[in-house]
file target-v2.tsv (TSV, C-alpha atoms)
chain	number	residue	atom	x	y	z
N	51	MET	CA	120.08	124.16	122.23
N	52	LYS	CA	118.71	120.80	121.07
N	53	PRO	CA	115.49	120.91	119.01
N	54	ARG	CA	112.24	120.06	120.74
N	55	ASN	CA	109.98	117.58	119.03
N	56	ARG	CA	106.25	118.24	119.19
N	57	ILE	CA	104.00	115.27	119.95
N	58	GLY	CA	100.28	115.40	120.51
N	59	GLY	CA	100.30	119.10	121.28
N	60	ARG	CA	103.10	118.83	123.84
N	61	ASN	CA	106.72	119.71	123.34
N	62	LEU	CA	108.86	116.69	124.13
N	63	GLN	CA	112.58	116.44	123.63
N	64	ILE	CA	112.77	112.94	122.15
N	65	ARG	CA	116.39	111.84	122.32
N	66	LEU	CA	116.18	108.04	121.99
N	67	ILE	CA	113.83	105.92	119.85
N	68	ALA	CA	113.65	102.10	119.98
N	69	PHE	CA	112.03	99.97	117.30
N	70	ASP	CA	110.73	96.44	117.22
N	71	MET	CA	111.47	94.88	113.82
N	72	ASP	CA	108.94	92.32	112.54
N	73	ASP	CA	105.50	93.81	111.85
N	74	THR	CA	106.77	97.18	113.08
N	75	LEU	CA	109.81	98.69	111.37
N	76	LEU	CA	109.81	96.09	108.58
N	77	GLY	CA	107.13	96.02	105.90
N	78	ALA	CA	105.00	93.11	104.78
N	79	ASP	CA	107.85	91.87	102.56
N	80	GLY	CA	110.30	91.73	105.46
N	81	GLN	CA	112.22	94.75	104.19
N	82	PHE	CA	112.31	98.41	105.22
N	83	PRO	CA	109.69	100.62	103.57
N	84	GLU	CA	111.48	103.54	101.94
N	85	ILE	CA	109.67	106.08	104.14
N	86	ASN	CA	110.97	104.33	107.27
N	87	VAL	CA	114.56	104.57	106.06
N	88	ARG	CA	114.16	108.27	105.27
N	89	ALA	CA	112.60	108.96	108.64
N	90	LEU	CA	115.30	107.15	110.62
N	91	ARG	CA	118.04	108.94	108.71
N	92	ALA	CA	116.34	112.26	109.38
N	93	CYS	CA	116.12	111.43	113.09
N	94	ALA	CA	119.81	110.51	113.19
N	95	ALA	CA	120.67	113.77	111.45
N	96	ARG	CA	118.93	115.62	114.28
N	97	GLY	CA	121.06	113.83	116.86
N	98	ILE	CA	118.37	111.42	118.07
N	99	TYR	CA	119.76	108.07	119.20
N	100	LEU	CA	118.20	105.03	117.53
N	101	ALA	CA	118.00	101.41	118.68
N	102	LEU	CA	116.74	98.24	117.03
N	103	ASN	CA	115.11	96.15	119.76
N	104	SER	CA	114.27	92.65	118.56
N	105	GLY	CA	114.01	89.00	119.51
N	106	ARG	CA	116.30	88.13	116.60
N	107	SER	CA	119.92	87.14	117.11
N	108	PHE	CA	122.53	89.90	116.88
N	109	GLU	CA	124.09	88.40	113.78
N	110	THR	CA	120.85	88.35	111.79
N	111	LEU	CA	119.78	91.74	113.12
N	112	ARG	CA	123.13	93.27	112.17
N	113	GLU	CA	122.40	93.11	108.44
N	114	PHE	CA	119.34	95.30	108.90
N	115	ALA	CA	121.28	97.70	111.12
N	116	CYS	CA	123.95	98.14	108.46
N	117	ALA	CA	121.36	98.70	105.71
N	118	LEU	CA	119.87	101.66	107.57
N	119	ASP	CA	123.18	103.54	107.55
N	120	VAL	CA	122.42	105.29	110.86
N	121	ASN	CA	124.67	103.24	113.19
N	122	PRO	CA	121.87	102.26	115.59
N	123	PHE	CA	122.31	100.51	118.90
N	124	VAL	CA	121.46	96.83	118.48
N	125	ILE	CA	119.36	95.21	121.23
N	126	SER	CA	118.97	91.56	120.32
N	127	VAL	CA	117.52	88.27	121.63
N	128	ASN	CA	114.73	90.07	123.50
N	129	GLY	CA	117.05	92.30	125.47
N	130	ALA	CA	119.62	89.67	126.45
N	131	ARG	CA	122.35	91.41	124.44
N	132	ILE	CA	123.06	95.09	123.75
N	133	ASP	CA	125.66	96.30	121.24
N	134	GLU	CA	126.74	99.88	120.69
N	135	GLY	CA	126.33	99.44	116.94
N	136	PRO	CA	126.56	96.90	114.12
N	137	ASP	CA	130.28	96.54	114.82
N	138	GLY	CA	130.00	96.53	118.59
N	139	PRO	CA	131.29	96.64	121.18
N	140	THR	CA	128.88	94.55	123.23
N	141	LEU	CA	127.70	96.63	126.18
N	142	LEU	CA	125.70	94.00	128.05
N	143	GLU	CA	125.03	90.26	127.91
N	144	SER	CA	122.45	88.59	130.14
N	145	VAL	CA	123.08	84.87	129.82
N	146	TYR	CA	121.76	81.79	131.62
N	147	ASP	CA	123.67	80.20	134.46
N	148	GLU	CA	124.06	76.42	134.56
N	149	ALA	CA	121.15	75.69	136.90
N	150	HIS	CA	118.60	77.73	134.93
N	151	THR	CA	119.90	76.32	131.66
N	152	GLN	CA	119.41	72.73	132.72
N	153	ALA	CA	115.93	73.30	134.14
N	154	VAL	CA	114.60	75.12	131.08
N	155	TYR	CA	116.30	72.68	128.70
N	156	GLU	CA	114.62	69.73	130.39
N	157	ALA	CA	111.22	71.46	130.26
N	158	MET	CA	111.61	72.25	126.57
N	159	ARG	CA	112.81	68.77	125.65
N	160	ALA	CA	110.07	67.05	127.65
N	161	SER	CA	107.34	69.14	126.01
N	162	GLY	CA	107.93	67.43	122.67
N	163	LEU	CA	107.74	70.80	120.95
N	164	TYR	CA	110.24	72.07	118.43
N	165	TYR	CA	112.42	74.61	120.25
N	166	THR	CA	115.50	76.72	119.64
N	167	VAL	CA	118.39	77.80	121.85
N	168	TYR	CA	120.18	81.08	121.13
N	169	THR	CA	123.85	81.57	122.00
N	170	ARG	CA	126.50	83.95	120.75
N	171	GLY	CA	126.83	83.25	117.03
N	172	HIS	CA	124.59	80.16	117.05
N	173	THR	CA	120.99	79.00	117.15
N	174	TYR	CA	120.50	75.32	118.00
N	175	MET	CA	117.37	73.39	117.00
N	176	GLY	CA	115.93	70.96	119.54
N	177	ASN	CA	113.30	68.27	118.88
N	178	SER	CA	114.01	69.48	115.38
N	179	SER	CA	111.99	66.89	113.45
N	180	GLN	CA	108.86	68.55	114.86
N	181	ARG	CA	109.50	71.66	112.79
N	182	PHE	CA	108.43	69.82	109.64
N	183	LEU	CA	104.88	69.84	110.97
N	184	TYR	CA	104.74	73.59	110.30
N	185	SER	CA	105.39	75.11	106.88
N	186	ARG	CA	106.36	78.45	108.42
N	187	PHE	CA	109.62	76.95	109.68
N	188	GLY	CA	110.83	76.11	106.19
N	189	HIS	CA	113.64	78.65	106.62
N	190	HIS	CA	114.92	76.77	109.69
N	191	TYR	CA	117.67	74.54	108.38
N	192	ALA	CA	121.33	73.90	109.19
N	193	HIS	CA	123.50	76.57	107.57
N	194	VAL	CA	126.30	79.05	108.14
N	195	SER	CA	126.13	82.71	107.12
N	196	ARG	CA	128.28	85.80	107.58
N	197	SER	CA	127.59	89.42	108.39
N	198	GLY	CA	130.83	91.36	108.07
N	199	PRO	CA	133.26	89.82	110.57
N	200	TYR	CA	130.48	87.95	112.37
N	201	VAL	CA	129.65	84.29	111.69
N	202	TYR	CA	126.21	82.89	112.43
N	203	GLU	CA	125.37	79.18	112.41
N	204	MET	CA	122.02	77.46	112.70
N	205	VAL	CA	122.68	73.97	114.06
N	206	ASP	CA	120.48	70.90	113.58
N	207	ASP	CA	122.37	68.45	115.78
N	208	GLU	CA	121.09	67.30	119.17
N	209	GLU	CA	124.57	66.25	120.32
N	210	ARG	CA	125.98	69.68	119.55
N	211	LEU	CA	123.02	71.28	121.27
N	212	ARG	CA	123.82	69.37	124.46
N	213	ALA	CA	127.58	69.95	124.18
N	214	GLU	CA	127.60	73.59	123.03
N	215	GLY	CA	124.14	75.09	123.11
N	216	LEU	CA	123.70	74.76	126.87
N	217	ILE	CA	126.75	76.91	127.62
N	218	ARG	CA	125.71	80.48	128.48
N	219	PRO	CA	122.61	80.66	126.24
N	220	TYR	CA	120.65	83.89	125.82
N	221	LYS	CA	117.18	82.40	125.48
N	222	PHE	CA	115.06	79.34	124.70
N	223	VAL	CA	112.07	79.53	122.35
N	224	ALA	CA	109.32	76.89	122.15
N	225	LEU	CA	107.43	76.81	118.84
N	226	GLY	CA	104.10	75.16	118.13
N	227	THR	CA	100.51	76.02	117.29
N	228	ALA	CA	98.80	79.24	118.33
N	229	HIS	CA	98.31	79.18	122.13
N	230	ASP	CA	99.68	75.64	122.14
N	231	PRO	CA	98.58	73.85	125.36
N	232	ARG	CA	102.10	72.47	125.74
N	233	PHE	CA	103.30	76.01	126.48
N	234	ALA	CA	101.37	75.80	129.76
N	235	GLU	CA	103.22	72.59	130.63
N	236	ILE	CA	106.56	74.34	130.16
N	237	LEU	CA	105.43	77.32	132.20
N	238	GLU	CA	104.29	75.08	135.04
N	239	ARG	CA	107.65	73.30	135.15
N	240	ILE	CA	109.72	76.48	135.17
N	241	ALA	CA	107.41	78.56	137.39
N	242	PRO	CA	109.64	78.29	140.51
N	243	LEU	CA	112.53	79.85	138.57
N	244	GLY	CA	110.85	83.21	138.02
N	245	MET	CA	111.99	83.33	134.41
N	246	SER	CA	111.19	86.23	132.09
N	247	VAL	CA	108.63	84.89	129.61
N	248	SER	CA	107.16	86.55	126.54
N	249	SER	CA	105.80	85.84	123.06
N	250	SER	CA	106.47	87.60	119.78
N	251	ARG	CA	103.58	85.60	118.26
N	252	ALA	CA	100.78	83.41	119.62
N	253	ASP	CA	102.65	80.33	118.39
N	254	ASN	CA	105.84	80.78	120.39
N	255	LEU	CA	107.06	81.04	123.96
N	256	GLU	CA	110.33	82.86	124.66
N	257	VAL	CA	112.16	82.28	127.94
N	258	MET	CA	114.97	84.49	129.23
N	259	MET	CA	116.66	84.88	132.60
N	260	PRO	CA	114.67	86.70	135.32
N	261	GLY	CA	114.45	90.43	134.65
N	262	VAL	CA	115.58	90.20	131.02
N	263	ASP	CA	113.25	91.75	128.45
N	264	LYS	CA	113.09	94.53	125.88
N	265	GLY	CA	112.15	97.05	128.56
N	266	SER	CA	115.05	96.34	130.90
N	267	ALA	CA	117.43	96.57	127.94
N	268	LEU	CA	115.98	99.91	126.84
N	269	GLU	CA	116.22	101.21	130.39
N	270	PHE	CA	119.88	100.15	130.58
N	271	LEU	CA	120.62	102.00	127.35
N	272	ALA	CA	118.71	105.14	128.34
N	273	ARG	CA	120.49	105.30	131.69
N	274	ARG	CA	123.85	104.84	129.98
N	275	LEU	CA	123.02	107.75	127.67
N	276	GLU	CA	121.64	109.75	130.63
N	277	ILE	CA	118.25	110.11	128.96
N	278	PRO	CA	115.12	110.10	131.18
N	279	PRO	CA	112.14	107.89	130.21
N	280	GLU	CA	110.02	110.87	129.16
N	281	GLN	CA	112.53	111.56	126.37
N	282	VAL	CA	112.38	107.98	125.10
N	283	MET	CA	110.06	106.73	122.33
N	284	ALA	CA	109.40	103.07	121.49
N	285	PHE	CA	107.49	101.35	118.68
N	286	GLY	CA	106.07	97.81	118.93
N	287	ASP	CA	103.24	95.51	117.90
N	288	ASN	CA	103.22	92.41	120.09
N	289	THR	CA	103.17	91.42	123.74
N	290	ASN	CA	106.94	91.01	124.00
N	291	ASP	CA	107.12	94.75	123.24
N	292	LEU	CA	105.01	95.70	126.26
N	293	PRO	CA	107.96	96.10	128.68
N	294	MET	CA	109.70	98.64	126.43
N	295	LEU	CA	106.43	100.45	125.69
N	296	SER	CA	105.81	100.63	129.42
N	297	TYR	CA	109.24	102.16	130.01
N	298	ALA	CA	109.14	104.74	127.20
N	299	GLY	CA	107.43	108.04	127.92
N	300	ALA	CA	106.23	108.13	124.30
N	301	SER	CA	104.97	104.60	123.57
N	302	VAL	CA	103.69	103.85	120.07
N	303	ALA	CA	101.77	100.73	119.00
N	304	MET	CA	101.28	99.78	115.38
N	305	ALA	CA	97.74	99.75	113.97
N	306	ASN	CA	98.32	96.08	113.10
N	307	GLY	CA	99.45	95.29	116.64
N	308	GLU	CA	97.76	93.14	119.25
N	309	GLU	CA	94.78	94.78	120.92
N	310	SER	CA	96.44	94.66	124.33
N	311	VAL	CA	99.46	96.47	122.92
N	312	ARG	CA	97.35	99.17	121.30
N	313	ARG	CA	95.51	99.70	124.59
N	314	ALA	CA	98.76	99.99	126.52
N	315	ALA	CA	100.44	102.49	124.18
N	316	ARG	CA	100.09	106.25	124.30
N	317	PHE	CA	99.94	106.57	120.50
N	318	VAL	CA	99.00	104.36	117.56
N	319	ALA	CA	100.98	104.53	114.29
N	320	PRO	CA	99.64	103.45	110.88
N	321	HIS	CA	99.95	99.83	109.70
N	322	HIS	CA	103.48	98.49	109.31
N	323	ALA	CA	102.81	97.51	105.69
N	324	GLU	CA	102.15	101.19	104.95
N	325	GLY	CA	105.41	102.43	106.44
N	326	GLY	CA	103.60	103.41	109.62
N	327	VAL	CA	106.75	104.12	111.62
N	328	GLY	CA	108.04	106.59	109.04
N	329	LYS	CA	104.66	108.27	108.66
N	330	PHE	CA	104.35	108.70	112.42
N	331	LEU	CA	107.88	110.08	112.79
N	332	PHE	CA	107.46	112.60	109.99
N	333	GLU	CA	104.14	113.79	111.40
N	334	LYS	CA	104.86	113.78	115.11
N	335	VAL	CA	108.62	114.08	115.57
N	336	LEU	CA	110.20	115.52	112.46
N	337	SER	CA	107.57	118.10	111.49
call {"tool": "encode", "arguments": {"input": "target-v2.tsv", "output": "structure tokens"}}
result
Amino acid sequence: MKPRNRIGGRNLQIRLIAFDMDDTLLGADGQFPEINVRALRACAARGIYLALNSGRSFETLREFACALDVNPFVISVNGARIDEGPDGPTLLESVYDEAHTQAVYEAMRASGLYYTVYTRGHTYMGNSSQRFLYSRFGHHYAHVSRSGPYVYEMVDDEERLRAEGLIRPYKFVALGTAHDPRFAEILERIAPLGMSVSSSRADNLEVMMPGVDKGSALEFLARRLEIPPEQVMAFGDNTNDLPMLSYAGASVAMANGEESVRRAARFVAPHHAEGGVGKFLFEKVLS
């Protein structure tokens, strides 16, 4: 018989837990707090499935997955790609078709905002000179890196973006100021397409194909594992996490999360900088 995990006075058999990364599972320094690593390893030892569910590319997310040493599922680019583990195989890819690609590309380019296009193994920078207006994009520069057998390239070349980046992309991301008014211009242009739109911060706008988000990806994985929603837990902090929190029977917002996210979640975990995920798991799931 599988162990039952007690949460909030009720016995729930939590069998799958999904985690947002930035400002959730990662600490203030962008690394895993030690208590979070211990908690995830303890969950894995109990037979609980784990999934990283992030807007990051698979290749950059993979390094974190390997460091945990729990072989988690890897849900990347806001649910557009799902891998069975850090070494695959890829279970699902939700990519743009040609018509949606062209329409969103034109809206992004016309906005004048710095934007990025995510494809398999690449991130392309568009209107890239605009990134120098914002110090927080200092880590956005042309480079190639490796994670095991996987190669990841960040490309600062408009010609390559047009030639390569518009072939089966996962998502487009517009980047500007907080609640940038130019986001509304993009949304107005793409409104007839019914795209899936979210934000991981107030200063970005992420656009995926219709129906693609962190929640639909988590649902796909839970169904594949034959786990009902009431046995699924999810942790998040920002509005792009709302779809997966809505799907999970045990939804957990971080204390540092957006107010709307805290209101929507069933539970609130301590601040991410304090190892809130690990503290919550040890108290509510592993005790």
call {"tool": "residues_near_point", "arguments": {"input": "target-v2.tsv", "point": "(105.5, 78.6, 119.6)", "cutoff": "12 Å", "atoms": "only C-alpha atoms", "output": "PyMOL selection string"}}
result
chain N and resi 158+161-166+180-181+184+186-187+222-234+236+248-257
call {"tool": "closest_atom_pairs", "arguments": {"input": "target-v2.tsv", "of": "range 183-239 of chain N", "to": "range 124-136 of chain N", "cutoff": "10 Å", "atoms": "only C-alpha atoms", "output": "CSV"}}
result
residue,atom,partner,partner_atom,distance
N:Ser197,CA,N:Pro136,CA,9.5
N:Gly198,CA,N:Pro136,CA,9.2
N:Tyr200,CA,N:Pro136,CA,9.9
N:Pro219,CA,N:Ala130,CA,9.5
N:Tyr220,CA,N:Ala130,CA,5.9
N:Lys221,CA,N:Val127,CA,7.0
N:Phe222,CA,N:Val127,CA,9.8
call {"tool": "atom_distance", "arguments": {"input": "target-v2.tsv", "atom1": "CA of Asp147 in chain N", "atom2": "CA of Ile217 in chain N"}}
result
8.2 Å
call {"tool": "atom_distance", "arguments": {"input": "target-v2.tsv", "atom1": "CA of Glu109 in chain N", "atom2": "CA of Ile85 in chain N"}}
result
24.8 Å
call {"tool": "closest_residue", "arguments": {"input": "target-v2.tsv", "among": "N:Val167, N:Ala300, N:Val120, N:Ala315", "to": "Leu90 in chain N", "atoms": "only C-alpha atoms"}}
result
N:Val120
call {"tool": "axis_aligned_box", "arguments": {"input": "target-v2.tsv", "around": "range 311-329 of chain N", "padding_each_side": "5 Å", "output": "lines of an AutoDock Vina configuration file"}}
result
center_x = 101.8
center_y = 102.4
center_z = 115.7
size_x = 22.5
size_y = 21.8
size_z = 31.6
call {"tool": "atom_distance", "arguments": {"input": "target-v2.tsv", "atom1": "CA of Met71 in chain N", "atom2": "CA of Asn103 in chain N"}}
result
7.1 Å
call {"tool": "residues_near_point", "arguments": {"input": "target-v2.tsv", "point": "(119.4, 108.1, 110.2)", "cutoff": "7 Å", "atoms": "all atoms listed in the file", "output": "PyMOL selection string"}}
result
chain N and resi 90-95+118-120
call {"tool": "closest_residue", "arguments": {"input": "target-v2.tsv", "among": "N:Ala241, N:Ala89, N:Ala267, N:Ala115", "to": "Gly138 in chain N", "atoms": "only C-alpha atoms"}}
result
N:Ala115
call {"tool": "closest_residue", "arguments": {"input": "target-v2.tsv", "among": "N:Ser266, N:Gly244, N:Met175, N:His321", "to": "Glu209 in chain N", "atoms": "all atoms listed in the file"}}
result
N:Met175
call {"tool": "residues_around", "arguments": {"input": "target-v2.tsv", "residues": "Val194 in chain N", "least_positions_apart": "6", "cutoff": "9 Å", "atoms": "only C-alpha atoms", "output": "MDAnalysis selection string"}}
result
chainID N and resid 201:205
call {"tool": "residues_around", "arguments": {"input": "target-v2.tsv", "residues": "Glu84 in chain N", "least_positions_apart": "5", "cutoff": "10 Å", "atoms": "only C-alpha atoms", "output": "number ranges by chain"}}
result
N: 77, 89, 325, 328
call {"tool": "closest_residue", "arguments": {"input": "target-v2.tsv", "among": "N:Asn288, N:Ser310, N:Asn121, N:Ser195", "to": "Tyr99 in chain N", "atoms": "only C-alpha atoms"}}
result
N:Asn121
call {"tool": "residues_around", "arguments": {"input": "target-v2.tsv", "residues": "Asp291 in chain N", "least_positions_apart": "6", "cutoff": "8 Å", "atoms": "all atoms listed in the file", "output": "PyMOL selection string"}}
result
chain N and resi 70+250+264-265+311
call {"tool": "residues_around", "arguments": {"input": "target-v2.tsv", "residues": "Met245 in chain N", "least_positions_apart": "3", "cutoff": "8 Å", "atoms": "only C-alpha atoms", "output": "PyMOL selection string"}}
result
chain N and resi 240-241+257-261
call {"tool": "closest_residue", "arguments": {"input": "target-v2.tsv", "among": "N:Val262, N:Ala323, N:Leu237, N:Ala298", "to": "Arg65 in chain N", "atoms": "only C-alpha atoms"}}
result
N:Ala298
call {"tool": "closest_residue", "arguments": {"input": "target-v2.tsv", "among": "N:Leu111, N:Leu76, N:Ala101, N:Ala319", "to": "Gly171 in chain N", "atoms": "all atoms listed in the file"}}
result
N:Leu111
call {"tool": "decode", "arguments": {"input": "target-v2.tsv", "residues": "range 242-253 of chain N", "atoms": "all heavy atoms", "output": "PDB file, in the first residue's frame"}}
result
ATOM      1  N   PRO N 242      -7.208  37.942 -32.623  1.00  0.00           N
ATOM      2  CA  PRO N 242      -8.013  36.986 -33.394  1.00  0.00           C
ATOM      3  C   PRO N 242      -7.452  35.567 -33.405  1.00  0.00           C
ATOM      4  O   PRO N 242      -8.162  34.621 -33.779  1.00  0.00           O
ATOM      5  CB  PRO N 242      -7.992  37.585 -34.807  1.00  0.00           C
ATOM      6  CG  PRO N 242      -7.683  39.031 -34.614  1.00  0.00           C
ATOM      7  CD  PRO N 242      -6.746  39.071 -33.464  1.00  0.00           C
ATOM      8  N   LEU N 243      -6.193  35.399 -33.014  1.00  0.00           N
ATOM      9  CA  LEU N 243      -5.555  34.085 -33.083  1.00  0.00           C
ATOM     10  C   LEU N 243      -5.869  33.206 -31.876  1.00  0.00           C
ATOM     11  O   LEU N 243      -5.639  31.995 -31.923  1.00  0.00           O
ATOM     12  CB  LEU N 243      -4.036  34.243 -33.199  1.00  0.00           C
ATOM     13  CG  LEU N 243      -3.511  35.062 -34.368  1.00  0.00           C
ATOM     14  CD1 LEU N 243      -1.999  35.220 -34.262  1.00  0.00           C
ATOM     15  CD2 LEU N 243      -3.888  34.408 -35.698  1.00  0.00           C
ATOM     16  N   GLY N 244      -6.346  33.806 -30.801  1.00  0.00           N
ATOM     17  CA  GLY N 244      -6.652  33.020 -29.610  1.00  0.00           C
ATOM     18  C   GLY N 244      -5.429  32.393 -28.960  1.00  0.00           C
ATOM     19  O   GLY N 244      -5.511  31.306 -28.376  1.00  0.00           O
ATOM     20  N   MET N 245      -4.310  33.098 -29.021  1.00  0.00           N
ATOM     21  CA  MET N 245      -3.068  32.560 -28.479  1.00  0.00           C
ATOM     22  C   MET N 245      -3.133  32.416 -26.956  1.00  0.00           C
ATOM     23  O   MET N 245      -3.896  33.085 -26.279  1.00  0.00           O
ATOM     24  CB  MET N 245      -1.884  33.461 -28.839  1.00  0.00           C
ATOM     25  CG  MET N 245      -1.725  33.748 -30.320  1.00  0.00           C
ATOM     26  SD  MET N 245      -1.474  32.263 -31.316  1.00  0.00           S
ATOM     27  CE  MET N 245       0.189  31.782 -30.821  1.00  0.00           C
ATOM     28  N   SER N 246      -2.302  31.530 -26.429  1.00  0.00           N
ATOM     29  CA  SER N 246      -2.136  31.401 -24.985  1.00  0.00           C
ATOM     30  C   SER N 246      -1.113  32.438 -24.549  1.00  0.00           C
ATOM     31  O   SER N 246       0.018  32.447 -25.035  1.00  0.00           O
ATOM     32  CB  SER N 246      -1.648  29.994 -24.627  1.00  0.00           C
ATOM     33  OG  SER N 246      -1.464  29.865 -23.228  1.00  0.00           O
ATOM     34  N   VAL N 247      -1.506  33.330 -23.652  1.00  0.00           N
ATOM     35  CA  VAL N 247      -0.658  34.449 -23.249  1.00  0.00           C
ATOM     36  C   VAL N 247      -0.482  34.434 -21.732  1.00  0.00           C
ATOM     37  O   VAL N 247      -1.444  34.215 -20.987  1.00  0.00           O
ATOM     38  CB  VAL N 247      -1.279  35.790 -23.682  1.00  0.00           C
ATOM     39  CG1 VAL N 247      -0.422  36.958 -23.210  1.00  0.00           C
ATOM     40  CG2 VAL N 247      -1.461  35.837 -25.194  1.00  0.00           C
ATOM     41  N   SER N 248       0.739  34.657 -21.283  1.00  0.00           N
ATOM     42  CA  SER N 248       0.985  34.722 -19.840  1.00  0.00           C
ATOM     43  C   SER N 248       2.185  35.616 -19.582  1.00  0.00           C
ATOM     44  O   SER N 248       2.825  36.112 -20.508  1.00  0.00           O
ATOM     45  CB  SER N 248       1.241  33.321 -19.267  1.00  0.00           C
ATOM     46  OG  SER N 248       2.463  32.799 -19.749  1.00  0.00           O
ATOM     47  N   SER N 249       2.488  35.822 -18.297  1.00  0.00           N
ATOM     48  CA  SER N 249       3.654  36.598 -17.895  1.00  0.00           C
ATOM     49  C   SER N 249       4.301  35.933 -16.692  1.00  0.00           C
ATOM     50  O   SER N 249       3.604  35.549 -15.750  1.00  0.00           O
ATOM     51  CB  SER N 249       3.260  38.028 -17.517  1.00  0.00           C
ATOM     52  OG  SER N 249       2.721  38.717 -18.629  1.00  0.00           O
ATOM     53  N   SER N 250       5.612  35.792 -16.724  1.00  0.00           N
ATOM     54  CA  SER N 250       6.329  35.301 -15.558  1.00  0.00           C
ATOM     55  C   SER N 250       6.775  36.461 -14.680  1.00  0.00           C
ATOM     56  O   SER N 250       7.153  36.264 -13.526  1.00  0.00           O
ATOM     57  CB  SER N 250       7.549  34.477 -15.982  1.00  0.00           C
ATOM     58  OG  SER N 250       8.429  35.241 -16.784  1.00  0.00           O
ATOM     59  N   ARG N 251       6.722  37.683 -15.240  1.00  0.00           N
ATOM     60  CA  ARG N 251       7.006  38.928 -14.525  1.00  0.00           C
ATOM     61  C   ARG N 251       6.178  40.028 -15.178  1.00  0.00           C
ATOM     62  O   ARG N 251       5.703  39.867 -16.296  1.00  0.00           O
ATOM     63  CB  ARG N 251       8.494  39.309 -14.636  1.00  0.00           C
ATOM     64  CG  ARG N 251       9.486  38.323 -14.126  1.00  0.00           C
ATOM     65  CD  ARG N 251      10.893  38.673 -14.603  1.00  0.00           C
ATOM     66  NE  ARG N 251      11.227  40.062 -14.426  1.00  0.00           N
ATOM     67  CZ  ARG N 251      12.190  40.501 -13.601  1.00  0.00           C
ATOM     68  NH1 ARG N 251      12.891  39.644 -12.903  1.00  0.00           N
ATOM     69  NH2 ARG N 251      12.452  41.778 -13.504  1.00  0.00           N
ATOM     70  N   ALA N 252       6.048  41.161 -14.486  1.00  0.00           N
ATOM     71  CA  ALA N 252       5.259  42.266 -15.036  1.00  0.00           C
ATOM     72  C   ALA N 252       5.908  42.886 -16.255  1.00  0.00           C
ATOM     73  O   ALA N 252       5.256  43.621 -17.007  1.00  0.00           O
ATOM     74  CB  ALA N 252       5.046  43.330 -13.961  1.00  0.00           C
ATOM     75  N   ASP N 253       7.209  42.590 -16.477  1.00  0.00           N
ATOM     76  CA  ASP N 253       7.918  43.217 -17.590  1.00  0.00           C
ATOM     77  C   ASP N 253       8.072  42.298 -18.797  1.00  0.00           C
ATOM     78  O   ASP N 253       8.897  42.554 -19.663  1.00  0.00           O
ATOM     79  CB  ASP N 253       9.289  43.711 -17.141  1.00  0.00           C
ATOM     80  CG  ASP N 253      10.168  42.593 -16.575  1.00  0.00           C
ATOM     81  OD1 ASP N 253       9.805  41.408 -16.716  1.00  0.00           O
ATOM     82  OD2 ASP N 253      11.221  42.911 -15.996  1.00  0.00           O
TER      83      ASP N 253
END
